[in-house]
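**Student:** Hey, dropping protein.pdb in here, PDB, C-alpha atoms:
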ATOM      1  CA  MET Q 977       0.000   0.000   0.000
ATOM      2  CA  THR Q 978       1.241   3.487  -0.825
ATOM      3  CA  GLU Q 979       2.489   5.402   2.188
ATOM      4  CA  ARG Q 980       0.003   8.187   2.751
ATOM      5  CA  VAL Q 981       1.255   9.336   6.163
ATOM      6  CA  CYS Q 982       4.957   9.717   6.888
ATOM      7  CA  VAL Q 983       6.423   9.822  10.404
ATOM      8  CA  THR Q 984       9.938  10.846  11.405
ATOM      9  CA  THR Q 985      11.240  11.493  14.912
ATOM     10  CA  THR Q 986      14.326  13.505  15.824
ATOM     11  CA  GLY Q 987      15.293  14.817  19.232
ATOM     12  CA  GLY Q 988      11.925  14.022  20.777
ATOM     13  CA  ILE Q 989      10.004  15.855  18.035
ATOM     14  CA  ALA Q 990       7.805  13.665  15.832
ATOM     15  CA  ARG Q 991       6.801  14.962  12.429
ATOM     16  CA  VAL Q 992       3.612  13.420  11.072
ATOM     17  CA  GLU Q 993       3.023  14.416   7.470
ATOM     18  CA  LEU Q 994       0.014  13.844   5.246
ATOM     19  CA  ALA Q 995       1.794  12.577   2.158
ATOM     20  CA  ARG Q 996      -0.657  12.475  -0.715
ATOM     21  CA  PRO Q 997       0.067  15.780  -2.459
ATOM     22  CA  GLU Q 998      -1.015  14.510  -5.878
ATOM     23  CA  ALA Q 999      -4.555  14.350  -4.431
ATOM     24  CA  ARG Q1000      -4.191  17.558  -2.395
ATOM     25  CA  ASN Q1001      -3.865  15.308   0.667
ATOM     26  CA  ALA Q1002      -7.511  14.308   0.369
ATOM     27  CA  LEU Q1003      -8.408  11.831   3.103
ATOM     28  CA  ASP Q1004      -9.236   8.350   1.819
ATOM     29  CA  LEU Q1005      -9.747   5.135   3.772
ATOM     30  CA  PRO Q1006      -6.081   4.007   3.749
ATOM     31  CA  MET Q1007      -5.008   7.463   4.941
ATOM     32  CA  CYS Q1008      -7.538   7.277   7.783
ATOM     33  CA  HIS Q1009      -6.016   3.997   8.937
ATOM     34  CA  GLN Q1010      -2.441   5.211   8.532
ATOM     35  CA  LEU Q1011      -3.110   8.469  10.367
ATOM     36  CA  ARG Q1012      -4.626   6.636  13.323
ATOM     37  CA  GLU Q1013      -1.771   4.124  13.387
ATOM     38  CA  ALA Q1014       0.810   6.921  13.214
ATOM     39  CA  PHE Q1015      -0.495   8.473  16.412
ATOM     40  CA  GLU Q1016      -1.153   5.222  18.218
ATOM     41  CA  SER Q1017       2.384   3.965  17.568
ATOM     42  CA  LEU Q1018       4.413   7.024  18.619
ATOM     43  CA  GLY Q1019       7.414   6.103  20.768
ATOM     44  CA  ASP Q1020       7.878   6.931  24.435
ATOM     45  CA  ASP Q1021      10.685   9.326  23.484
ATOM     46  CA  VAL Q1022       8.289  11.689  21.656
ATOM     47  CA  ARG Q1023       7.659  14.958  23.495
ATOM     48  CA  VAL Q1024       5.756  16.921  20.848
ATOM     49  CA  VAL Q1025       4.189  16.221  17.433
ATOM     50  CA  LEU Q1026       4.163  18.516  14.407
ATOM     51  CA  LEU Q1027       1.312  17.573  12.053
ATOM     52  CA  SER Q1028       1.624  18.937   8.520
ATOM     53  CA  GLY Q1029       0.703  18.276   4.906
ATOM     54  CA  ARG Q1030       3.111  17.717   2.010
ATOM     55  CA  GLY Q1031       2.740  20.167  -0.858
ATOM     56  CA  PRO Q1032       0.827  23.448  -1.104
ATOM     57  CA  VAL Q1033      -2.446  22.108   0.377
ATOM     58  CA  PHE Q1034      -2.813  20.829   3.936
ATOM     59  CA  CYS Q1035      -5.903  18.705   3.258
ATOM     60  CA  ALA Q1036      -8.641  19.191   0.667
ATOM     61  CA  GLY Q1037     -11.155  17.151   2.654
ATOM     62  CA  ALA Q1038     -12.523  13.673   2.139
ATOM     63  CA  ASP Q1039     -11.677  11.890  -1.103
ATOM     64  CA  LEU Q1040     -15.163  11.719  -2.603
ATOM     65  CA  LYS Q1041     -13.878   9.888  -5.693
ATOM     66  CA  GLU Q1042     -13.302   6.695  -3.702
ATOM     67  CA  ARG Q1043     -17.007   6.554  -2.847
ATOM     68  CA  THR Q1044     -18.017   6.016  -6.474
ATOM     69  CA  GLY Q1045     -19.860   2.691  -6.703
ATOM     70  CA  LYS Q1046     -19.807   2.124  -2.929
ATOM     71  CA  ASP Q1047     -22.919   1.422  -0.869
ATOM     72  CA  ALA Q1048     -24.098   3.203   2.271
ATOM     73  CA  ALA Q1049     -22.534   0.568   4.545
ATOM     74  CA  TRP Q1050     -19.102   1.206   3.031
ATOM     75  CA  VAL Q1051     -19.478   4.973   3.413
ATOM     76  CA  ARG Q1052     -20.501   4.475   7.046
ATOM     77  CA  ARG Q1053     -17.379   2.386   7.714
ATOM     78  CA  ARG Q1054     -15.262   5.036   6.024
ATOM     79  CA  ARG Q1055     -16.707   7.761   8.226
ATOM     80  CA  VAL Q1056     -16.110   5.699  11.376
ATOM     81  CA  ALA Q1057     -12.492   5.239  10.283
ATOM     82  CA  SER Q1058     -12.076   8.994   9.957
ATOM     83  CA  PHE Q1059     -13.561   9.548  13.413
ATOM     84  CA  ALA Q1060     -11.049   7.037  14.801
ATOM     85  CA  ALA Q1061      -8.195   8.951  13.168
ATOM     86  CA  TYR Q1062      -9.319  12.276  14.626
ATOM     87  CA  ALA Q1063      -9.762  10.662  18.040
ATOM     88  CA  ALA Q1064      -6.236   9.234  17.918
ATOM     89  CA  ILE Q1065      -4.838  12.721  17.281
ATOM     90  CA  GLU Q1066      -6.878  14.162  20.135
ATOM     91  CA  ALA Q1067      -5.917  11.333  22.518
ATOM     92  CA  CYS Q1068      -2.178  11.738  21.908
ATOM     93  CA  PRO Q1069      -0.611  12.189  25.387
ATOM     94  CA  VAL Q1070       1.881  14.795  24.147
ATOM     95  CA  PRO Q1071       1.140  18.160  22.513
ATOM     96  CA  VAL Q1072       0.125  18.045  18.852
ATOM     97  CA  VAL Q1073       0.650  21.211  16.806
ATOM     98  CA  ALA Q1074      -0.943  21.376  13.349
ATOM     99  CA  LEU Q1075       0.857  23.375  10.664
ATOM    100  CA  VAL Q1076      -1.664  24.247   7.967
ATOM    101  CA  GLN Q1077      -1.431  25.966   4.601
ATOM    102  CA  GLY Q1078      -3.390  26.385   1.408
ATOM    103  CA  ALA Q1079      -6.824  24.796   1.414
ATOM    104  CA  VAL Q1080      -8.104  23.219   4.631
ATOM    105  CA  VAL Q1081     -11.443  21.671   3.777
ATOM    106  CA  GLY Q1082     -13.843  19.436   5.709
ATOM    107  CA  SER Q1083     -11.726  16.611   7.101
ATOM    108  CA  GLY Q1084      -8.718  18.917   7.014
ATOM    109  CA  GLY Q1085     -10.513  21.171   9.463
ATOM    110  CA  GLU Q1086     -11.372  18.191  11.668
ATOM    111  CA  ILE Q1087      -7.704  17.176  11.755
ATOM    112  CA  THR Q1088      -6.708  20.748  12.596
ATOM    113  CA  LEU Q1089      -9.237  20.946  15.428
ATOM    114  CA  ALA Q1090      -8.205  17.550  16.808
ATOM    115  CA  ALA Q1091      -4.696  18.929  17.367
ATOM    116  CA  ASP Q1092      -3.993  20.905  20.550
ATOM    117  CA  PHE Q1093      -3.506  24.078  18.535
ATOM    118  CA  ALA Q1094      -2.548  25.148  15.035
ATOM    119  CA  LEU Q1095      -0.336  27.608  13.199
ATOM    120  CA  ALA Q1096      -1.457  28.756   9.759
ATOM    121  CA  ALA Q1097       0.495  30.158   6.842
ATOM    122  CA  SER Q1098      -0.880  33.417   5.487
ATOM    123  CA  GLY Q1099      -3.218  32.683   2.607
ATOM    124  CA  THR Q1100      -4.661  29.590   4.266
ATOM    125  CA  VAL Q1101      -8.410  29.223   3.749
ATOM    126  CA  PHE Q1102     -10.764  26.945   5.712
ATOM    127  CA  ARG Q1103     -14.099  25.648   4.484
ATOM    128  CA  PHE Q1104     -16.580  23.275   6.107
ATOM    129  CA  PRO Q1105     -18.739  22.183   3.151
ATOM    130  CA  GLU Q1106     -20.179  18.896   4.423
ATOM    131  CA  PRO Q1107     -23.884  19.897   4.160
ATOM    132  CA  HIS Q1108     -23.240  21.168   0.633
ATOM    133  CA  TRP Q1109     -21.800  17.750  -0.227
ATOM    134  CA  GLY Q1110     -25.027  16.153   0.975
ATOM    135  CA  THR Q1111     -23.605  14.816   4.220
ATOM    136  CA  VAL Q1112     -22.991  15.818   7.843
ATOM    137  CA  GLY Q1113     -19.637  16.567   9.444
ATOM    138  CA  ALA Q1114     -17.587  18.963  11.587
ATOM    139  CA  THR Q1115     -20.619  19.558  13.802
ATOM    140  CA  GLN Q1116     -18.873  18.819  17.115
ATOM    141  CA  ARG Q1117     -15.259  20.007  17.271
ATOM    142  CA  LEU Q1118     -16.002  23.157  15.289
ATOM    143  CA  GLN Q1119     -18.735  24.399  17.617
ATOM    144  CA  ARG Q1120     -16.562  23.637  20.647
ATOM    145  CA  ALA Q1121     -13.817  25.781  19.153
ATOM    146  CA  ILE Q1122     -15.814  28.773  17.912
ATOM    147  CA  GLY Q1123     -19.306  28.494  19.398
ATOM    148  CA  LYS Q1124     -22.591  27.098  18.128
ATOM    149  CA  ARG Q1125     -23.834  30.075  16.123
ATOM    150  CA  ARG Q1126     -20.564  30.699  14.278
ATOM    151  CA  ALA Q1127     -20.245  26.983  13.510
ATOM    152  CA  LYS Q1128     -23.737  26.923  12.058
ATOM    153  CA  GLU Q1129     -22.984  29.907   9.830
ATOM    154  CA  LEU Q1130     -19.867  28.277   8.377
ATOM    155  CA  LEU Q1131     -21.538  24.894   7.922
ATOM    156  CA  PHE Q1132     -24.787  26.220   6.460
ATOM    157  CA  THR Q1133     -23.148  28.636   4.001
ATOM    158  CA  ASN Q1134     -19.870  26.883   3.060
ATOM    159  CA  ARG Q1135     -18.273  30.324   3.409
ATOM    160  CA  ALA Q1136     -14.495  30.549   3.037
ATOM    161  CA  LEU Q1137     -12.771  31.333   6.332
ATOM    162  CA  PRO Q1138      -9.423  33.092   5.767
ATOM    163  CA  ALA Q1139      -6.509  32.486   8.107
ATOM    164  CA  GLU Q1140      -6.738  35.840   9.860
ATOM    165  CA  GLU Q1141     -10.407  35.341  10.730
ATOM    166  CA  ALA Q1142      -9.683  31.738  11.720
ATOM    167  CA  ALA Q1143      -7.148  33.115  14.217
ATOM    168  CA  GLU Q1144      -9.689  35.588  15.601
ATOM    169  CA  LEU Q1145     -12.175  32.757  16.121
ATOM    170  CA  GLY Q1146      -9.621  30.387  17.649
ATOM    171  CA  VAL Q1147      -9.475  27.783  14.876
ATOM    172  CA  VAL Q1148      -5.756  28.580  14.664
ATOM    173  CA  THR Q1149      -3.676  30.390  17.270
ATOM    174  CA  ARG Q1150      -1.254  32.232  15.018
ATOM    175  CA  VAL Q1151      -0.804  33.233  11.364
ATOM    176  CA  VAL Q1152       2.752  33.380  10.025
ATOM    177  CA  PRO Q1153       4.211  34.364   6.638
ATOM    178  CA  ALA Q1154       3.762  31.595   4.088
ATOM    179  CA  GLY Q1155       7.473  30.901   3.831
ATOM    180  CA  SER Q1156       7.953  30.756   7.587
ATOM    181  CA  LEU Q1157       5.502  28.016   8.584
ATOM    182  CA  THR Q1158       8.095  25.261   8.953
ATOM    183  CA  GLU Q1159      10.421  27.509  10.922
ATOM    184  CA  ALA Q1160       7.595  28.651  13.206
ATOM    185  CA  GLY Q1161       6.612  25.041  13.793
ATOM    186  CA  ASP Q1162      10.168  24.023  14.619
ATOM    187  CA  GLU Q1163      10.531  26.912  17.065
ATOM    188  CA  THR Q1164       7.238  26.053  18.736
ATOM    189  CA  ALA Q1165       8.149  22.372  19.041
ATOM    190  CA  ALA Q1166      11.579  23.195  20.449
ATOM    191  CA  SER Q1167       9.991  25.467  23.054
ATOM    192  CA  ILE Q1168       7.572  22.747  24.148
ATOM    193  CA  ALA Q1169      10.290  20.097  24.208
ATOM    194  CA  LYS Q1170      12.326  22.174  26.700
ATOM    195  CA  ALA Q1171       9.711  21.663  29.410
ATOM    196  CA  PRO Q1172       9.689  18.568  31.662
ATOM    197  CA  PRO Q1173       7.621  15.972  29.766
ATOM    198  CA  LEU Q1174       5.578  14.874  32.788
ATOM    199  CA  ALA Q1175       4.515  18.447  33.546
ATOM    200  CA  ILE Q1176       3.507  18.993  29.907
ATOM    201  CA  SER Q1177       1.524  15.751  29.632
ATOM    202  CA  LEU Q1178      -0.254  16.379  32.943
ATOM    203  CA  THR Q1179      -1.006  19.959  31.907
ATOM    204  CA  LYS Q1180      -2.540  18.731  28.652
ATOM    205  CA  ARG Q1181      -4.627  16.156  30.488
ATOM    206  CA  ALA Q1182      -5.774  18.636  33.128
ATOM    207  CA  VAL Q1183      -6.863  21.178  30.520
ATOM    208  CA  ASP Q1184      -8.712  18.541  28.473
ATOM    209  CA  LEU Q1185     -10.473  16.970  31.450
ATOM    210  CA  GLY Q1186     -11.204  20.342  33.015
ATOM    211  CA  ALA Q1187     -12.957  21.522  29.871
ATOM    212  CA  GLU Q1188     -15.536  18.775  30.385
ATOM    213  CA  THR Q1189     -16.573  19.760  33.904
ATOM    214  CA  ASP Q1190     -17.195  22.698  36.240
ATOM    215  CA  LEU Q1191     -14.523  24.819  37.920
ATOM    216  CA  ASP Q1192     -14.678  23.048  41.287
ATOM    217  CA  ARG Q1193     -14.072  19.639  39.748
ATOM    218  CA  GLY Q1194     -11.494  21.187  37.430
ATOM    219  CA  ILE Q1195      -9.487  22.433  40.414
ATOM    220  CA  ARG Q1196      -9.550  18.910  41.832
ATOM    221  CA  ILE Q1197      -8.205  17.609  38.520
ATOM    222  CA  GLU Q1198      -5.393  20.167  38.674
ATOM    223  CA  LEU Q1199      -4.563  19.268  42.283
ATOM    224  CA  ALA Q1200      -4.328  15.601  41.322
ATOM    225  CA  ALA Q1201      -1.923  16.530  38.539
ATOM    226  CA  ILE Q1202       0.138  18.634  40.964
ATOM    227  CA  GLU Q1203       0.364  15.661  43.330
ATOM    228  CA  GLN Q1204       1.758  13.531  40.496
ATOM    229  CA  CYS Q1205       4.391  16.183  39.760
ATOM    230  CA  LEU Q1206       5.337  16.411  43.431
ATOM    231  CA  ALA Q1207       5.637  12.632  43.697
ATOM    232  CA  ASP Q1208       7.896  12.567  40.642
ATOM    233  CA  GLY Q1209      10.241  15.172  42.113
ATOM    234  CA  GLY Q1210      11.059  16.817  38.796
ATOM    235  CA  TRP Q1211       9.646  20.105  40.064
ATOM    236  CA  ARG Q1212      12.843  20.570  42.067
ATOM    237  CA  ASP Q1213      14.807  20.952  38.826
ATOM    238  CA  GLY Q1214      12.510  23.803  37.804
ATOM    239  CA  VAL Q1215      13.015  25.568  41.127
ATOM    240  CA  ALA Q1216      16.778  25.126  40.811
ATOM    241  CA  ARG Q1217      16.823  26.548  37.279
ATOM    242  CA  PHE Q1218      14.789  29.556  38.365
ATOM    243  CA  SER Q1219      17.087  30.130  41.359
ATOM    244  CA  ASN Q1220      20.056  30.055  38.991
ATOM    245  CA  GLY Q1221      18.595  32.781  36.811
ATOM    246  CA  ASP Q1222      16.904  30.693  34.093
ATOM    247  CA  PRO Q1223      13.641  32.603  33.360
ATOM    248  CA  ARG Q1224      11.740  29.793  31.686
TER     249      ARG Q1224
END
In structure tokens, what does this structure look like?
**Tutor:**
Amino acid sequence: MTERVCVTTTGGIARVELARPEARNALDLPMCHQLREAFESLGDDVRVVLLSGRGPVFCAGADLKERTGKDAAWVRRRRVASFAAYAAIEACPVPVVALVQGAVVGSGGEITLAADFALAASGTVFRFPEPHWGTVGATQRLQRAIGKRRAKELLFTNRALPAEEAAELGVVTRVVPAGSLTEAGDETAASIAKAPPLAISLTKRAVDLGAETDLDRGIRIELAAIEQCLADGGWRDGVARFSNGDPR
């Protein structure tokens, strides 16, 4: 089978790349499986993941051509496979940073929103056209990122969402010059990788779990995470660095 998702790891930074540029990185069934497997098989040495797309387009959405001649049962299985891929990205225990450029359509937006946050190259354009393709999609992560009413507007109208507006809404956290996306991603990954891995993973878990409950229970989640850090003892290194003049 053709490799549709490429993974390389150097210095604790894993680079997961959608590698189907001839199809604008459109998501087909094999890519769904490979994307899920890529995240589920990351090594223990990985401290941060950069998720990108090869070529000028991050992901042009689902590959509708592969559905020609298929029945409803096949399409249902294909959709479940895509949900499993998004869930694997979201469940990754280390930070996942999406680096997006060009067109980010449908499934591309789902992948972006499954990451912890995203950087976009200037000129990037998002669209969520599922209803206009006669199907349903992006109804859950999108509304959690930008709110119910804004999600409905984008889904109902298939309006193009430029990078700058996507940043204002929180779909991406930063827009960088088109030629600087890789550099910005590398700098971001290096910054994350400097932090103690246990503290980062517990912070990610506390934020994710806290978002699902009220503040009182969220504080309890944070206290439990703090207890794990204290038991590990790595916090002493942070205190020592600060005492020695290291500001981070």
**Student:** Could you tell me how far CA of Ala1154 (chain Q) lies from CA of Leu1137 (chain Q), in Å and to one decimal?
**Tutor:** 16.7 Å
**Student:** When distances are computed from all atoms listed in the file, which of Q:Asp1021, Q:Glu993, Q:Asp1208, Q:Asp1092 shows the smallest separation from Thr1149 (chain Q)?
**Tutor:**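 Counting all atoms listed in the file, the residue closest to Thr1149 (chain Q) is Q:Asp1092.
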**Student:** When you count only C-alpha atoms, which of these residues is closest to Phe1015 (chain Q): Q:Ala1060, Q:Val1147, Q:Val1033, Q:Ile1122?
**Tutor:**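 Checking each of Q:Ala1060, Q:Val1147, Q:Val1033, Q:Ile1122 against Phe1015 (chain Q), counting only C-alpha atoms, the winner is Q:Ala1060.
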**Student:** Find the axis-aligned box for region 1058-1061 of chain Q, covering all its listed atoms and adding 3 Å on each side, and write its centre and edge lengths in Å to one decimal as JSON.
**Tutor:**
{"center_x": -10.9, "center_y": 8.3, "center_z": 12.4, "size_x": 11.4, "size_y": 8.5, "size_z": 10.8}
**Student:** Identify which of the residues Q:Ala1097, Q:Ala999, Q:Cys1205, Q:Leu1130 lies closest to Pro1173 (chain Q), counting all atoms listed in the file when measuring atom-to-atom distances.
**Tutor:** Q:Cys1205
**Student:** Show which residues sit within 10 Å of Thr984 (chain Q), as a list in words. Count only C-alpha atoms, and ignore same-chain residues fewer than 4 positions away.
**Tutor:**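 The filter keeps Ile989, Ala990, Arg991, Val992, Glu993, Leu1018 and Val1025 of chain Q.
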**Student:** Would you save the residues of that selection, restricted to C-alpha atoms, as a PDB file, in the coordinates of the input?
**Tutor:**
ATOM      1  CA  ILE Q 989      10.004  15.855  18.035  1.00  0.00           C
ATOM      2  CA  ALA Q 990       7.805  13.665  15.832  1.00  0.00           C
ATOM      3  CA  ARG Q 991       6.801  14.962  12.429  1.00  0.00           C
ATOM      4  CA  VAL Q 992       3.612  13.420  11.072  1.00  0.00           C
ATOM      5  CA  GLU Q 993       3.023  14.416   7.470  1.00  0.00           C
ATOM      6  CA  LEU Q1018       4.413   7.024  18.619  1.00  0.00           C
ATOM      7  CA  VAL Q1025       4.189  16.221  17.433  1.00  0.00           C
TER       8      VAL Q1025
END
**Student:** Counting all atoms listed in the file, give me one row per residue of region 1165-1218 of chain Q with an atom at most 12 Å from an atom of region 1026-1029 of chain Q, showing the shortest contact pair and its distance in Å to one decimal, sorted by chain then residue number, as a Markdown table.
**Tutor:**
| residue | atom | partner | partner_atom | distance |
| --- | --- | --- | --- | --- |
| Q:Ala1165 | CA | Q:Leu1026 | CA | 7.2 |
| Q:Ala1166 | CA | Q:Leu1026 | CA | 10.6 |
| Q:Ile1168 | CA | Q:Leu1026 | CA | 11.2 |
| Q:Ala1169 | CA | Q:Leu1026 | CA | 11.7 |
**Student:** Could you tell me how far CA of Asp1190 (chain Q) lies from CA of Arg1126 (chain Q), in Å and to one decimal?
**Tutor:**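 It comes out at 23.6 Å.
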